[in-house]
$ cat model-v8.txt   # compact mmCIF, C-alpha atoms
# COMPACT_ATOMS: atom_id res chain seq x y z
CA MET G 450 0.24 -2.55 36.40
CA ASN G 451 1.54 -2.85 32.89
CA GLY G 452 4.95 -4.43 33.16
CA PHE G 453 6.72 -1.25 32.00
CA ASP G 454 9.44 0.48 34.02
CA ASP G 455 8.19 3.21 36.36
CA ALA G 456 9.73 6.68 36.67
CA SER G 457 12.30 5.46 39.21
CA GLY G 458 13.65 2.88 36.81
CA ARG G 459 12.35 -0.09 38.83
CA ALA G 460 10.51 -2.74 36.87
CA GLU G 461 6.88 -3.09 37.86
CA LEU G 462 5.67 -6.64 38.23
CA GLU G 463 2.39 -7.50 36.55
CA PRO G 464 0.09 -10.11 38.12
CA ALA G 465 0.97 -13.62 37.02
CA GLU G 466 -2.60 -14.28 35.88
CA THR G 467 -2.45 -11.23 33.54
CA ALA G 468 0.79 -12.41 31.96
CA ASP G 469 -0.58 -15.96 31.64
CA HIS G 470 -3.80 -14.74 30.01
CA ARG G 471 -1.89 -12.62 27.51
CA HIS G 472 0.48 -15.47 26.69
CA GLY G 473 -2.41 -17.87 26.28
CA HIS G 474 -4.27 -15.47 23.95
CA ARG G 475 -1.20 -14.96 21.81
CA GLU G 476 -0.55 -18.68 21.47
CA ARG G 477 -4.20 -19.39 20.61
CA LEU G 478 -4.21 -16.69 17.95
CA LYS G 479 -0.95 -17.95 16.43
CA ALA G 480 -2.36 -21.50 16.38
CA ARG G 481 -5.47 -20.30 14.54
CA PHE G 482 -3.28 -18.56 12.00
CA ARG G 483 -1.19 -21.71 11.49
CA ASP G 484 -4.20 -24.01 11.23
CA ALA G 485 -6.71 -21.90 9.30
CA GLY G 486 -4.57 -19.23 7.59
CA ALA G 487 -4.85 -15.47 7.41
CA GLU G 488 -8.24 -15.55 5.69
CA ALA G 489 -9.80 -17.00 8.86
CA LEU G 490 -8.79 -13.95 10.91
CA PRO G 491 -10.51 -10.56 10.93
CA ASP G 492 -8.32 -7.55 10.22
CA TYR G 493 -7.79 -6.64 13.87
CA GLU G 494 -6.51 -10.13 14.75
CA LEU G 495 -4.08 -10.17 11.83
CA LEU G 496 -2.88 -6.78 13.02
CA GLU G 497 -2.49 -8.19 16.54
CA LEU G 498 -0.12 -10.83 15.15
CA VAL G 499 2.03 -8.09 13.64
CA LEU G 500 1.96 -6.04 16.86
CA PHE G 501 3.01 -9.04 18.97
CA ARG G 502 6.54 -8.67 17.59
CA SER G 503 6.71 -4.94 18.24
CA ILE G 504 5.03 -4.92 21.66
CA PRO G 505 6.00 -8.14 23.45
CA ARG G 506 4.92 -7.25 27.00
CA ARG G 507 1.45 -5.79 26.61
CA ASP G 508 -2.03 -6.83 25.46
CA VAL G 509 -2.43 -5.35 21.97
CA LYS G 510 -6.01 -6.34 21.11
CA ALA G 511 -7.44 -2.95 22.09
CA LEU G 512 -4.68 -1.15 20.19
CA ALA G 513 -5.30 -3.23 17.05
CA LYS G 514 -9.03 -2.46 17.22
CA THR G 515 -8.32 1.24 17.71
CA LEU G 516 -6.08 1.30 14.64
CA ILE G 517 -8.69 -0.46 12.49
CA ALA G 518 -11.40 1.90 13.74
CA ARG G 519 -9.26 4.95 12.96
CA PHE G 520 -7.99 3.94 9.52
CA GLY G 521 -10.58 1.45 8.26
CA SER G 522 -8.77 -1.81 7.44
CA PHE G 523 -5.56 -3.76 7.85
CA ALA G 524 -4.25 -2.41 4.53
CA GLU G 525 -5.14 1.17 5.46
CA VAL G 526 -3.31 0.87 8.78
CA LEU G 527 -0.16 -0.26 6.97
CA GLY G 528 -0.60 2.48 4.39
CA ALA G 529 -1.22 5.29 6.87
CA PRO G 530 1.49 7.99 7.17
CA GLU G 531 3.83 7.46 10.10
CA GLU G 532 2.91 10.81 11.64
CA ARG G 533 -0.77 9.78 11.75
CA LEU G 534 0.08 6.38 13.21
CA ARG G 535 2.03 8.08 16.00
CA GLU G 536 -1.09 10.06 16.95
CA ILE G 537 -2.51 6.83 18.39
CA PRO G 538 -1.57 6.26 22.06
CA GLY G 539 0.70 3.24 22.24
CA ILE G 540 2.23 3.76 18.79
CA GLY G 541 5.77 5.09 19.01
CA ASP G 542 8.53 5.34 16.44
CA GLN G 543 9.47 1.67 16.70
CA VAL G 544 5.94 0.34 16.18
CA ALA G 545 5.27 2.77 13.31
CA THR G 546 8.52 1.70 11.64
CA ASP G 547 7.68 -1.99 12.09
CA LEU G 548 4.29 -1.49 10.41
CA LYS G 549 6.00 0.24 7.49
CA ILE G 550 8.48 -2.65 7.19
CA VAL G 551 5.58 -5.11 6.90
CA ARG G 552 4.01 -2.96 4.18
CA ALA G 553 7.31 -2.64 2.30
CA ALA G 554 7.82 -6.41 2.43
CA GLY G 555 4.35 -7.00 1.00
CA LEU G 556 4.91 -4.53 -1.82
CA ARG G 557 8.31 -6.03 -2.63
CA MET G 558 6.70 -9.48 -2.94
CA ALA G 559 3.86 -8.17 -5.10
CA ARG G 560 6.26 -6.33 -7.40
CA GLY G 561 8.37 -9.48 -7.70
CA GLU G 562 5.33 -11.39 -8.92
CA VAL G 563 4.64 -8.74 -11.55
CA LYS G 564 8.23 -8.91 -12.80
CA LYS G 565 8.15 -12.67 -13.32
CA LYS G 566 5.93 -12.68 -16.41
CA PRO G 567 4.69 -10.36 -19.17
CA VAL G 568 2.55 -7.65 -17.61
CA LEU G 569 -0.38 -8.02 -19.99
CA SER G 570 -0.67 -11.75 -19.26
CA SER G 571 -0.71 -11.22 -15.48
CA TRP G 572 -3.13 -8.31 -15.37
CA SER G 573 -4.82 -9.27 -12.09
CA GLN G 574 -1.43 -9.30 -10.36
CA VAL G 575 -0.65 -5.86 -11.81
CA ILE G 576 -3.91 -4.51 -10.43
CA ASP G 577 -3.29 -6.14 -7.04
CA TYR G 578 0.18 -4.61 -6.91
CA CYS G 579 -1.06 -1.13 -7.87
CA ARG G 580 -3.85 -1.32 -5.30
CA SER G 581 -1.41 -2.43 -2.60
CA ALA G 582 0.97 0.38 -3.48
CA MET G 583 -1.49 3.24 -3.96
CA ALA G 584 -5.08 2.61 -2.86
CA PHE G 585 -4.59 3.89 0.67
CA GLU G 586 -2.19 6.76 0.04
CA MET G 587 -3.36 10.06 1.51
CA ARG G 588 -2.10 12.09 -1.46
CA GLU G 589 -2.34 11.57 -5.20
CA GLN G 590 0.57 9.78 -6.85
CA PHE G 591 1.27 9.34 -10.54
CA ARG G 592 3.06 6.08 -11.27
CA ILE G 593 4.35 4.65 -14.55
CA LEU G 594 5.11 1.05 -15.47
CA PHE G 595 7.71 0.98 -18.25
CA LEU G 596 7.59 -2.11 -20.48
CA ASP G 597 9.95 -3.68 -23.02
CA LYS G 598 9.04 -5.15 -26.43
CA LYS G 599 7.76 -8.35 -24.79
CA ASN G 600 5.71 -6.35 -22.27
CA GLY G 601 8.08 -7.26 -19.47
CA LEU G 602 8.47 -4.74 -16.67
CA ILE G 603 11.60 -2.61 -17.06
CA ALA G 604 10.87 -0.15 -14.28
CA ASP G 605 8.12 0.98 -11.93
CA GLU G 606 8.47 4.63 -10.95
CA VAL G 607 6.42 7.21 -9.07
CA GLN G 608 6.82 10.30 -11.22
CA GLN G 609 4.91 12.81 -9.11
CA THR G 610 3.24 13.13 -5.73
CA GLY G 611 0.65 15.86 -5.31
CA THR G 612 -2.15 16.90 -2.96
CA VAL G 613 -5.31 15.09 -1.88
CA ASP G 614 -6.98 15.78 -5.22
CA HIS G 615 -4.33 16.82 -7.73
CA THR G 616 -0.98 15.69 -9.07
CA PRO G 617 0.99 17.78 -11.58
CA VAL G 618 1.76 15.63 -14.64
CA TYR G 619 4.17 16.57 -17.43
CA PRO G 620 3.53 14.47 -20.55
CA ARG G 621 6.82 15.29 -22.26
CA GLU G 622 8.81 14.30 -19.17
CA ILE G 623 6.98 10.96 -19.07
CA VAL G 624 7.82 10.21 -22.69
CA LYS G 625 11.40 11.42 -22.20
CA ARG G 626 11.83 8.96 -19.34
CA ALA G 627 10.40 6.14 -21.48
CA LEU G 628 12.99 6.89 -24.16
CA GLU G 629 15.78 6.92 -21.55
CA LEU G 630 14.73 3.42 -20.45
CA SER G 631 14.26 2.19 -24.04
CA ALA G 632 10.66 1.33 -23.17
CA SER G 633 8.35 0.24 -25.97
CA ALA G 634 5.17 0.77 -23.96
CA ILE G 635 3.93 2.29 -20.72
CA ILE G 636 1.03 1.86 -18.33
CA LEU G 637 -0.09 4.96 -16.46
CA VAL G 638 -1.41 4.60 -12.92
CA HIS G 639 -2.64 7.15 -10.42
CA ASN G 640 -4.77 7.06 -7.28
CA HIS G 641 -7.79 8.99 -6.04
CA PRO G 642 -7.51 9.42 -2.25
CA SER G 643 -11.24 10.22 -2.19
CA GLY G 644 -11.83 6.51 -2.82
CA ASP G 645 -13.82 6.88 -6.06
CA PRO G 646 -11.73 5.68 -9.04
CA THR G 647 -13.92 7.33 -11.69
CA PRO G 648 -11.64 9.26 -14.13
CA SER G 649 -12.09 13.02 -14.06
CA THR G 650 -12.30 15.28 -17.11
CA ALA G 651 -8.75 16.42 -16.34
CA ASP G 652 -7.57 12.79 -16.16
CA ILE G 653 -9.00 12.10 -19.60
CA ALA G 654 -7.50 15.22 -21.20
CA MET G 655 -4.07 14.58 -19.68
CA THR G 656 -4.10 10.95 -20.84
CA ARG G 657 -4.89 11.95 -24.41
CA GLN G 658 -1.94 14.35 -24.36
CA ILE G 659 0.41 11.60 -23.23
CA VAL G 660 -0.96 9.15 -25.81
CA ASP G 661 -0.48 11.65 -28.66
CA ILE G 662 3.10 12.50 -27.70
CA ALA G 663 4.06 8.87 -27.03
CA LYS G 664 2.52 7.64 -30.30
CA SER G 665 4.57 10.10 -32.32
CA LEU G 666 7.73 8.50 -30.88
CA GLY G 667 6.63 4.88 -31.27
CA ILE G 668 5.71 4.30 -27.62
CA ALA G 669 2.38 2.62 -26.87
CA VAL G 670 0.20 3.54 -23.89
CA HIS G 671 -1.46 0.24 -22.97
CA ASP G 672 -3.74 1.63 -20.28
CA HIS G 673 -4.31 4.25 -17.64
CA ILE G 674 -5.49 2.76 -14.35
CA VAL G 675 -7.11 4.86 -11.64
CA ILE G 676 -6.88 3.30 -8.18
CA GLY G 677 -9.27 4.02 -5.33
CA ARG G 678 -10.26 2.40 -2.07
CA GLU G 679 -13.50 1.33 -3.72
CA GLY G 680 -11.84 -0.41 -6.66
CA HIS G 681 -10.15 0.65 -9.87
CA ALA G 682 -11.03 2.03 -13.28
CA SER G 683 -9.30 1.14 -16.55
CA PHE G 684 -9.28 3.67 -19.38
CA LYS G 685 -9.06 0.78 -21.84
CA GLY G 686 -11.96 -1.00 -20.19
CA LEU G 687 -14.01 2.21 -20.28
CA ARG G 688 -13.05 2.72 -23.94
CA LEU G 689 -11.37 6.02 -23.12
CA LEU G 690 -8.11 4.81 -24.69
$ encode --input "model-v8.txt" --output "structure tokens"
Amino acid sequence: MNGFDDASGRAELEPAETADHRHGHRERLKARFRDAGAEALPDYELLELVLFRSIPRRDVKALAKTLIARFGSFAEVLGAPEERLREIPGIGDQVATDLKIVRAAGLRMARGEVKKKPVLSSWSQVIDYCRSAMAFEMREQFRILFLDKKNGLIADEVQQTGTVDHTPVYPREIVKRALELSASAIILVHNHPSGDPTPSTADIAMTRQIVDIAKSLGIAVHDHIVIGREGHASFKGLRLL
């Protein structure tokens, strides 16, 4: 018995020992989180803590492990498309939405940290934010960070979303948007859903086009970052820029 209502609308009663065991497990896991922090918990247990709020009357350990096995990690579960999450038995609209709310909250916090200080002096936070936002997307996205004269973040915009291995990019539209925002510099960011962040020949050619057009209008391209599950690649670091 699972504690859910049966077809007749009558509430089924679960054995008291089952409810007690579940309650005890939840309290022990919460205590570990409070005492040792998130780093002490494997991905599936951190995911359990999130699922506790969405599924209050059922053991969620097996579900959390299933999600990790299907998608690979805590971050990949949160980044998975809602339609793929709903393929998992036990994940309905409410749970899928709750997972997306957690992801959105994390991204909002990360973006807030990036906005607090000049981007070039908080580079590790920029990379962390870009990885959180894009590393586990199922399709390619092309994102631009628009910066002012002091390298503060004016805007962070996804310009295009493409397929699993291609995003159409229009260099003149990118520079036009930078002029509209009175940006002095930009940072280009896109993801490789394959996981490998190595820039392709097309990536390099497209970047050079953007750099040439932007330079003619007094806009600097500080870097082009490629994000993958396996890490990131910096055009500047690779001396491609």
$ atom_distance --input "model-v8.txt" --atom1 "atom CA of Arg657 of chain G" --atom2 "atom CA of Asn600 of chain G"
21.3 Å
$ closest_residue --input "model-v8.txt" --among "G:Arg483, G:Arg475, G:Lys598, G:Arg533" --to "Val509 of chain G" --atoms "only C-alpha atoms"
G:Arg475
$ residues_around --input "model-v8.txt" --residues "Leu602 of chain G" --least-positions-apart "3" --cutoff "9 Å" --atoms "only C-alpha atoms" --output "PyMOL selection string"
chain G and resi 563-568+594-597+599+605
$ closest_residue --input "model-v8.txt" --among "G:Ser581, G:Ser522, G:Asp484, G:Ser573" --to "Met558 of chain G" --atoms "all atoms listed in the file"
G:Ser581
$ atom_distance --input "model-v8.txt" --atom1 "atom CA of Glu476 of chain G" --atom2 "atom CA of Leu556 of chain G"
27.8 Å
$ atom_distance --input "model-v8.txt" --atom1 "atom CA of Leu478 of chain G" --atom2 "atom CA of Pro505 of chain G"
14.4 Å
$ closest_residue --input "model-v8.txt" --among "G:Arg535, G:Leu498, G:Cys579, G:Ser570" --to "Ala480 of chain G" --atoms "only C-alpha atoms"
G:Leu498
$ closest_residue --input "model-v8.txt" --among "G:Ala651, G:Ile659, G:Ile676, G:Leu495" --to "Arg481 of chain G" --atoms "only C-alpha atoms"
G:Leu495
$ closest_residue --input "model-v8.txt" --among "G:His615, G:Pro648, G:Ala654, G:Ala604" --to "Gly686 of chain G" --atoms "only C-alpha atoms"
G:Pro648
$ residues_near_point --input "model-v8.txt" --point "(-4.7, -8.2, -7.2)" --cutoff "12 Å" --atoms "only C-alpha atoms" --output "ChimeraX atom specification"
/G:556,559-560,562-563,571-582,584,676,680-681
$ closest_residue --input "model-v8.txt" --among "G:Pro491, G:Met587, G:Asp508, G:Asp661" --to "Arg621 of chain G" --atoms "only C-alpha atoms"
G:Asp661
$ residues_around --input "model-v8.txt" --residues "Pro646 of chain G" --least-positions-apart "5" --cutoff "9 Å" --atoms "only C-alpha atoms" --output "mmCIF file with C-alpha atoms, in the frame of the given file"
data_model
loop_
_atom_site.group_PDB
_atom_site.id
_atom_site.type_symbol
_atom_site.label_atom_id
_atom_site.label_comp_id
_atom_site.auth_asym_id
_atom_site.auth_seq_id
_atom_site.Cartn_x
_atom_site.Cartn_y
_atom_site.Cartn_z
ATOM 1 C CA ASN G 640 -4.770 7.060 -7.280
ATOM 2 C CA HIS G 641 -7.790 8.990 -6.040
ATOM 3 C CA ILE G 674 -5.490 2.760 -14.350
ATOM 4 C CA VAL G 675 -7.110 4.860 -11.640
ATOM 5 C CA ILE G 676 -6.880 3.300 -8.180
ATOM 6 C CA GLY G 677 -9.270 4.020 -5.330
ATOM 7 C CA ARG G 678 -10.260 2.400 -2.070
ATOM 8 C CA GLU G 679 -13.500 1.330 -3.720
ATOM 9 C CA GLY G 680 -11.840 -0.410 -6.660
ATOM 10 C CA HIS G 681 -10.150 0.650 -9.870
ATOM 11 C CA ALA G 682 -11.030 2.030 -13.280
#
$ residues_around --input "model-v8.txt" --residues "His671 of chain G" --least-positions-apart "2" --cutoff "12 Å" --atoms "only C-alpha atoms" --output "MDAnalysis selection string"
chainID G and resid 568:569 572 593:596 600 633:638 656 659:660 663:664 668:669 673:674 683:686 688:690
